[in-house]
Structure formats: C-alpha cells, structure tokens
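Input: a single structure, listed below in structure tokens.
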Amino acid sequence: MPARFLKFSHGEVMERITDAIAILAVITGINPTIYYWLSEISTLAALLMPVLGCMWLGVQIWSRVSKGK
C-alpha cells in the first residue's frame, strides 16, 4: 500500500512498529512460552531481548518526556 494512503507519516508508522517489537521483547521476559520459542531460535536473543526491549522503551519514554509530547 503506498505511503500516501496512510494517515500516518512514514516516521510514525516505523515508530509504532518499533514500539510493538519492544513490547514483545518485554513480554518475552515475562511469558515463558514466548521465551522458550525464542530460545529455540537463538539463546543469545532470548537472553538479550527482554533487557534491550526495556532499554528501548526507556529511551522512547525519555525522548517523549524531554520533547514535551
């Protein structure tokens, strides 16, 4: 679908995608089923994803607070 038909700009769509991935990363640390599924793919990813997801959400919150949105 062409970007001109989307109500959001390209940056906003990408921001929502990264937010969804970060939330999935945080849920990975809480839900053992998702953690097991991810550990089947990569043990390193299963260990790092919850930590990196929390860090990314923290960066997003900090940037929004500092910008005043």
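In the structure tokens, chains take the letters A, B, ... in the order shown, each chain's residues start at 1, and ligands count up from 1 in the order shown.
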
Neighbours of Gln60 in chain A within 10 Å (only C-alpha atoms; same-chain residues fewer than 3 positions away dropped), as a PyMOL selection string?
-> chain A and resi 15+18-19+22+54-57+63-66

Write the residues you've just listed into a file as a PDB file, in the first residue's frame, and include C-alpha atoms for each of them.
```
ATOM      1  CA  GLU A  15       7.840   4.274  15.497  1.00  0.00           C
ATOM      2  CA  THR A  18       9.476  -0.444  16.982  1.00  0.00           C
ATOM      3  CA  ASP A  19       7.157   0.137  19.950  1.00  0.00           C
ATOM      4  CA  ALA A  22       9.876  -3.502  22.241  1.00  0.00           C
ATOM      5  CA  CYS A  54      13.148  -2.431  28.381  1.00  0.00           C
ATOM      6  CA  MET A  55      16.046  -0.172  27.447  1.00  0.00           C
ATOM      7  CA  TRP A  56      14.383   0.813  24.169  1.00  0.00           C
ATOM      8  CA  LEU A  57      11.079   1.615  25.870  1.00  0.00           C
ATOM      9  CA  SER A  63      12.685  11.210  24.414  1.00  0.00           C
ATOM     10  CA  ARG A  64       8.962  11.948  24.589  1.00  0.00           C
ATOM     11  CA  VAL A  65       9.222  13.496  28.042  1.00  0.00           C
ATOM     12  CA  SER A  66      12.217  15.624  27.041  1.00  0.00           C
TER      13      SER A  66
END
```

Neighbour list for range 27-39 of chain A as an MDAnalysis selection string, cut-off 8 Å, only C-alpha atoms, skip fewer than 6 positions in-chain = chainID A and resid 45:46 49:50

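Counting from CA of Ala20 in chain A, the distance to CA of Val59 in chain A is 14.3 Å.
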
From the list A:Val26, A:Gly68, A:Ile21, A:Arg16, which residue is nearest Leu47 in chain A when using only C-alpha atoms?
-> A:Val26
